[in-house]
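Visitor: Dumping the structure here so I can ask a few things about it.
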Amino acid sequence: MVLSAFPGLLGCSSDPSKWSEKKVDKWFDKGEWLNGWNIKPDASVNRRELALSWYHHRDRWEKAFNFLKSNNLSKLELKRYDIDGDNVYAPVSEYLTKDEATARFEAHRKYIDIQYVVIGREKMSVAPLSSKGAVLEPYDDARDIEFLSVDHSSSYIATPEKFFIFFPSDIHRPGVMTDSSSMVRKIVVKVKAD
């Protein structure tokens, strides 16, 4: 039958918005989207949102993960690396982790964060945009950031064994100490969301 050459016409779609949860999980677990980077994603990563973004901007994601796998991240200078102009770039920083009282929740509108703690450990908290509370600092378009309070969040420990991805639909609070303040080296690859 002629239609068999066109799987999209028979209900099998390459559009992740139409995928079942099982198909999203299968795509995610296969891990080809990591482009050969051998660090595991944290369980908090929104698999469907990642699949949607990856299929719309595959070239950006491939460049992001290629940068992560092709560099000695513990030796990179502390600066911004332009991977693909403003589409994909990566600031590398070192800082002391903060206590929860001084760390603020943040959100972005233009970029997705791939956050990876290269050295050290910190607590990361994440909440859906729907749990947004008061605006603590209004959105700054030039810096693509706003600071917010949240009604509730979930917390995870970030170590060099795993990475996090935060989408514009995620409010997140990185940089929080686990037991006591300690030095962390982190790379945040910014992937343009549009």
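We label chains A, B, ... in the order they appear in the structure tokens, count residues from 1 in each chain, and number ligands from 1 in the order shown.
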Can you pull out every residue within 9 Å of A:Glu146, counting only C-alpha atoms, but drop anything in the same chain fewer than 4 positions away, and send it as a list in words?

Guide: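 Those residues are Phe105, Glu106, Ala107, His108, Arg109, Val135, Leu136, Glu137, Pro138, Tyr139, Asp140 and Asp141 of chain A.
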
Visitor: Taking the backbone alone, and naming residues the way the document does, which bits of stretch 23-83 of chain A are strand (DSSP E) by DSSP, as a PDB file with N, CA, C and O atoms, in the first residue's frame?

Guide:
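Writing the result to part37.pdb gives the following:
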```pdb
ATOM      1  N   LYS A  40      24.710  11.466  33.111  1.00  0.00           N
ATOM      2  CA  LYS A  40      23.290  11.127  33.167  1.00  0.00           C
ATOM      3  C   LYS A  40      22.433  12.351  33.503  1.00  0.00           C
ATOM      4  O   LYS A  40      22.806  13.161  34.342  1.00  0.00           O
ATOM      5  N   PRO A  41      21.257  12.452  32.902  1.00  0.00           N
ATOM      6  CA  PRO A  41      20.320  13.520  33.270  1.00  0.00           C
ATOM      7  C   PRO A  41      19.660  13.202  34.610  1.00  0.00           C
ATOM      8  O   PRO A  41      19.414  12.037  34.924  1.00  0.00           O
ATOM      9  N   ARG A  80      32.507  33.268  29.411  1.00  0.00           N
ATOM     10  CA  ARG A  80      31.433  32.826  28.521  1.00  0.00           C
ATOM     11  C   ARG A  80      32.052  32.244  27.255  1.00  0.00           C
ATOM     12  O   ARG A  80      32.929  32.856  26.632  1.00  0.00           O
ATOM     13  N   TYR A  81      31.559  31.072  26.857  1.00  0.00           N
ATOM     14  CA  TYR A  81      31.982  30.425  25.618  1.00  0.00           C
ATOM     15  C   TYR A  81      30.833  30.519  24.621  1.00  0.00           C
ATOM     16  O   TYR A  81      29.732  30.040  24.892  1.00  0.00           O
ATOM     17  N   ASP A  82      31.106  31.140  23.475  1.00  0.00           N
ATOM     18  CA  ASP A  82      30.102  31.228  22.416  1.00  0.00           C
ATOM     19  C   ASP A  82      30.197  29.968  21.565  1.00  0.00           C
ATOM     20  O   ASP A  82      31.169  29.765  20.850  1.00  0.00           O
ATOM     21  N   ILE A  83      29.183  29.139  21.660  1.00  0.00           N
ATOM     22  CA  ILE A  83      29.158  27.865  20.942  1.00  0.00           C
ATOM     23  C   ILE A  83      28.495  28.053  19.579  1.00  0.00           C
ATOM     24  O   ILE A  83      28.972  27.548  18.570  1.00  0.00           O
TER      25      ILE A  83
END
```

Visitor: To one decimal place in Å, what is the distance between atom CA of A:Glu94 and atom CA of A:Phe67?

Guide: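 Straight-line distance from atom CA of A:Glu94 to atom CA of A:Phe67 works out to 18.7 Å.
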
Visitor: Name the residues in contact with A:Leu96 at a cut-off of 7 Å, using only C-alpha atoms, excluding same-chain residues fewer than 4 positions from it; report them as a PyMOL selection string.

Guide: chain A and resi 181-184

Visitor: Those residues you just picked out, can you put them in a file as an mmCIF file, in the first residue's frame with N, CA and C atoms?

Guide:
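That gives us result.cif:
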```
data_model
loop_
_atom_site.group_PDB
_atom_site.id
_atom_site.type_symbol
_atom_site.label_atom_id
_atom_site.label_comp_id
_atom_site.auth_asym_id
_atom_site.auth_seq_id
_atom_site.Cartn_x
_atom_site.Cartn_y
_atom_site.Cartn_z
ATOM 1 N N SER A 181 28.621 25.723 53.399
ATOM 2 C CA SER A 181 29.023 26.410 52.171
ATOM 3 C C SER A 181 30.310 25.805 51.627
ATOM 4 N N SER A 182 30.338 25.590 50.322
ATOM 5 C CA SER A 182 31.521 25.010 49.694
ATOM 6 C C SER A 182 31.669 25.567 48.277
ATOM 7 N N MET A 183 32.860 25.419 47.722
ATOM 8 C CA MET A 183 33.139 25.914 46.379
ATOM 9 C C MET A 183 32.577 24.948 45.339
ATOM 10 N N VAL A 184 31.957 25.539 44.326
ATOM 11 C CA VAL A 184 31.397 24.771 43.219
ATOM 12 C C VAL A 184 31.916 25.349 41.919
#
```

Visitor: I need the residue nearest A:His57 from this list: A:Val88, A:Val24, A:Ala103, A:Leu148. Use only C-alpha atoms for the distance.

Guide: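 The answer is A:Val88, which sits nearest to A:His57.
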
Visitor: If you run DSSP on this backbone, which residues of stretch 2-191 of chain A come out as alpha helix (DSSP H), and could you give them as a PyMOL selection string?

Guide: chain A and resi 21-30+47-56+58-70

Visitor: Show me, as a PDB file with N, CA and C atoms, in the first residue's frame, the residues that have an atom within 12 Å of A:Glu62 when counting only C-alpha atoms, minus same-chain residues fewer than 2 positions from it.

Guide:
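Output contents, as saved in around.pdb:
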```pdb
ATOM      1  N   GLU A  32      20.236   9.005  22.601  1.00  0.00           N
ATOM      2  CA  GLU A  32      20.953   9.525  21.435  1.00  0.00           C
ATOM      3  C   GLU A  32      21.014  11.048  21.449  1.00  0.00           C
ATOM      4  N   TRP A  33      20.048  11.683  22.095  1.00  0.00           N
ATOM      5  CA  TRP A  33      20.005  13.143  22.181  1.00  0.00           C
ATOM      6  C   TRP A  33      21.197  13.711  22.950  1.00  0.00           C
ATOM      7  N   LEU A  34      21.893  12.878  23.741  1.00  0.00           N
ATOM      8  CA  LEU A  34      23.071  13.318  24.490  1.00  0.00           C
ATOM      9  C   LEU A  34      24.303  13.518  23.603  1.00  0.00           C
ATOM     10  N   ASN A  35      24.206  13.085  22.351  1.00  0.00           N
ATOM     11  CA  ASN A  35      25.293  13.284  21.389  1.00  0.00           C
ATOM     12  C   ASN A  35      26.629  12.734  21.891  1.00  0.00           C
ATOM     13  N   GLY A  36      26.570  11.626  22.637  1.00  0.00           N
ATOM     14  CA  GLY A  36      27.794  10.974  23.095  1.00  0.00           C
ATOM     15  C   GLY A  36      28.312  11.441  24.440  1.00  0.00           C
ATOM     16  N   TRP A  37      27.673  12.436  25.070  1.00  0.00           N
ATOM     17  CA  TRP A  37      28.108  12.875  26.406  1.00  0.00           C
ATOM     18  C   TRP A  37      27.685  11.813  27.404  1.00  0.00           C
ATOM     19  N   SER A  53      11.635  20.337  22.300  1.00  0.00           N
ATOM     20  CA  SER A  53      12.678  21.312  21.984  1.00  0.00           C
ATOM     21  C   SER A  53      13.761  20.691  21.094  1.00  0.00           C
ATOM     22  N   TRP A  54      14.137  19.464  21.403  1.00  0.00           N
ATOM     23  CA  TRP A  54      15.184  18.792  20.619  1.00  0.00           C
ATOM     24  C   TRP A  54      14.742  18.629  19.169  1.00  0.00           C
ATOM     25  N   TYR A  55      13.494  18.256  18.935  1.00  0.00           N
ATOM     26  CA  TYR A  55      13.026  18.078  17.563  1.00  0.00           C
ATOM     27  C   TYR A  55      12.868  19.401  16.819  1.00  0.00           C
ATOM     28  N   HIS A  56      12.602  20.472  17.529  1.00  0.00           N
ATOM     29  CA  HIS A  56      12.497  21.778  16.871  1.00  0.00           C
ATOM     30  C   HIS A  56      13.861  22.438  16.663  1.00  0.00           C
ATOM     31  N   HIS A  57      14.815  22.153  17.535  1.00  0.00           N
ATOM     32  CA  HIS A  57      16.128  22.807  17.480  1.00  0.00           C
ATOM     33  C   HIS A  57      17.257  21.793  17.684  1.00  0.00           C
ATOM     34  N   ARG A  58      17.181  20.725  16.953  1.00  0.00           N
ATOM     35  CA  ARG A  58      18.154  19.644  17.113  1.00  0.00           C
ATOM     36  C   ARG A  58      19.592  20.140  16.977  1.00  0.00           C
ATOM     37  N   ASP A  59      19.846  21.034  16.027  1.00  0.00           N
ATOM     38  CA  ASP A  59      21.211  21.521  15.819  1.00  0.00           C
ATOM     39  C   ASP A  59      21.749  22.220  17.068  1.00  0.00           C
ATOM     40  N   ARG A  60      20.904  22.972  17.759  1.00  0.00           N
ATOM     41  CA  ARG A  60      21.340  23.665  18.983  1.00  0.00           C
ATOM     42  C   ARG A  60      21.701  22.661  20.076  1.00  0.00           C
ATOM     43  N   ALA A  64      25.306  21.947  21.837  1.00  0.00           N
ATOM     44  CA  ALA A  64      25.443  22.066  23.295  1.00  0.00           C
ATOM     45  C   ALA A  64      26.099  20.821  23.881  1.00  0.00           C
ATOM     46  N   PHE A  65      25.571  19.645  23.543  1.00  0.00           N
ATOM     47  CA  PHE A  65      26.121  18.418  24.108  1.00  0.00           C
ATOM     48  C   PHE A  65      27.489  18.072  23.527  1.00  0.00           C
ATOM     49  N   ASN A  66      27.758  18.464  22.287  1.00  0.00           N
ATOM     50  CA  ASN A  66      29.089  18.272  21.726  1.00  0.00           C
ATOM     51  C   ASN A  66      30.119  19.098  22.498  1.00  0.00           C
ATOM     52  N   PHE A  67      29.762  20.337  22.858  1.00  0.00           N
ATOM     53  CA  PHE A  67      30.651  21.179  23.657  1.00  0.00           C
ATOM     54  C   PHE A  67      30.940  20.517  25.008  1.00  0.00           C
ATOM     55  N   LEU A  68      29.912  19.990  25.640  1.00  0.00           N
ATOM     56  CA  LEU A  68      30.087  19.368  26.952  1.00  0.00           C
ATOM     57  C   LEU A  68      30.961  18.122  26.882  1.00  0.00           C
ATOM     58  N   LYS A  69      30.811  17.319  25.828  1.00  0.00           N
ATOM     59  CA  LYS A  69      31.600  16.081  25.740  1.00  0.00           C
ATOM     60  C   LYS A  69      33.010  16.326  25.212  1.00  0.00           C
ATOM     61  N   SER A  70      33.230  17.426  24.488  1.00  0.00           N
ATOM     62  CA  SER A  70      34.509  17.637  23.803  1.00  0.00           C
ATOM     63  C   SER A  70      35.502  18.493  24.579  1.00  0.00           C
ATOM     64  N   ILE A  83      29.183  29.139  21.660  1.00  0.00           N
ATOM     65  CA  ILE A  83      29.158  27.865  20.942  1.00  0.00           C
ATOM     66  C   ILE A  83      28.495  28.053  19.579  1.00  0.00           C
ATOM     67  N   ASP A  84      27.391  28.784  19.565  1.00  0.00           N
ATOM     68  CA  ASP A  84      26.668  29.115  18.329  1.00  0.00           C
ATOM     69  C   ASP A  84      26.044  30.502  18.500  1.00  0.00           C
ATOM     70  N   ASN A  87      22.543  31.643  20.026  1.00  0.00           N
ATOM     71  CA  ASN A  87      21.676  30.462  20.056  1.00  0.00           C
ATOM     72  C   ASN A  87      22.095  29.469  21.132  1.00  0.00           C
ATOM     73  N   VAL A  88      23.409  29.312  21.314  1.00  0.00           N
ATOM     74  CA  VAL A  88      23.953  28.400  22.323  1.00  0.00           C
ATOM     75  C   VAL A  88      25.252  29.011  22.846  1.00  0.00           C
ATOM     76  N   VAL A 189      24.988  25.670  30.129  1.00  0.00           N
ATOM     77  CA  VAL A 189      24.848  25.858  28.687  1.00  0.00           C
ATOM     78  C   VAL A 189      23.461  26.425  28.444  1.00  0.00           C
ATOM     79  N   VAL A 191      20.589  27.330  25.949  1.00  0.00           N
ATOM     80  CA  VAL A 191      20.066  26.937  24.639  1.00  0.00           C
ATOM     81  C   VAL A 191      18.850  27.802  24.352  1.00  0.00           C
TER      82      VAL A 191
END
```

Visitor: Go through A:Asn38, A:Ser44, A:Thr97, A:Asn71 one by one, measure the shortest atom-to-atom distance of each to A:Asp179 using only C-alpha atoms, and give the residue with the smallest value.

Guide: A:Thr97

Visitor: Mind checking which residues fall within 12 Å of A:Ala43, counting only C-alpha atoms, ignoring those fewer than 2 positions away in the same chain, and posting them as an MDAnalysis selection string?

Guide: chainID A and resid 25 28:29 40:41 45:47 126 154:158 162:165

Visitor: Report, in Å to a single decimal, how far apart atom CA of A:Leu129 and atom CA of A:Ala193 are.

Guide: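 Between atom CA of A:Ala193 and atom CA of A:Leu129 the gap works out to 15.7 Å.
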
Visitor: Using Å and a single decimal, report how far atom CA of A:Ile114 sits from atom CA of A:Pro174.

Guide: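 Atom-to-atom, atom CA of A:Pro174 and atom CA of A:Ile114 are spaced 11.8 Å apart.
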
Visitor: Smallest atom-to-atom distance to A:Tyr95: which of A:Ala127, A:Ala142, A:Val176, A:Ala134, using only C-alpha atoms?

Guide: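 Smallest separation from A:Tyr95 among the options: A:Val176.
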
Visitor: Write out as number ranges by chain the residues lying within 6 Å of A:Phe166, counting only C-alpha atoms and excluding same-chain residues fewer than 4 positions away.

Guide: A: 112-113, 170
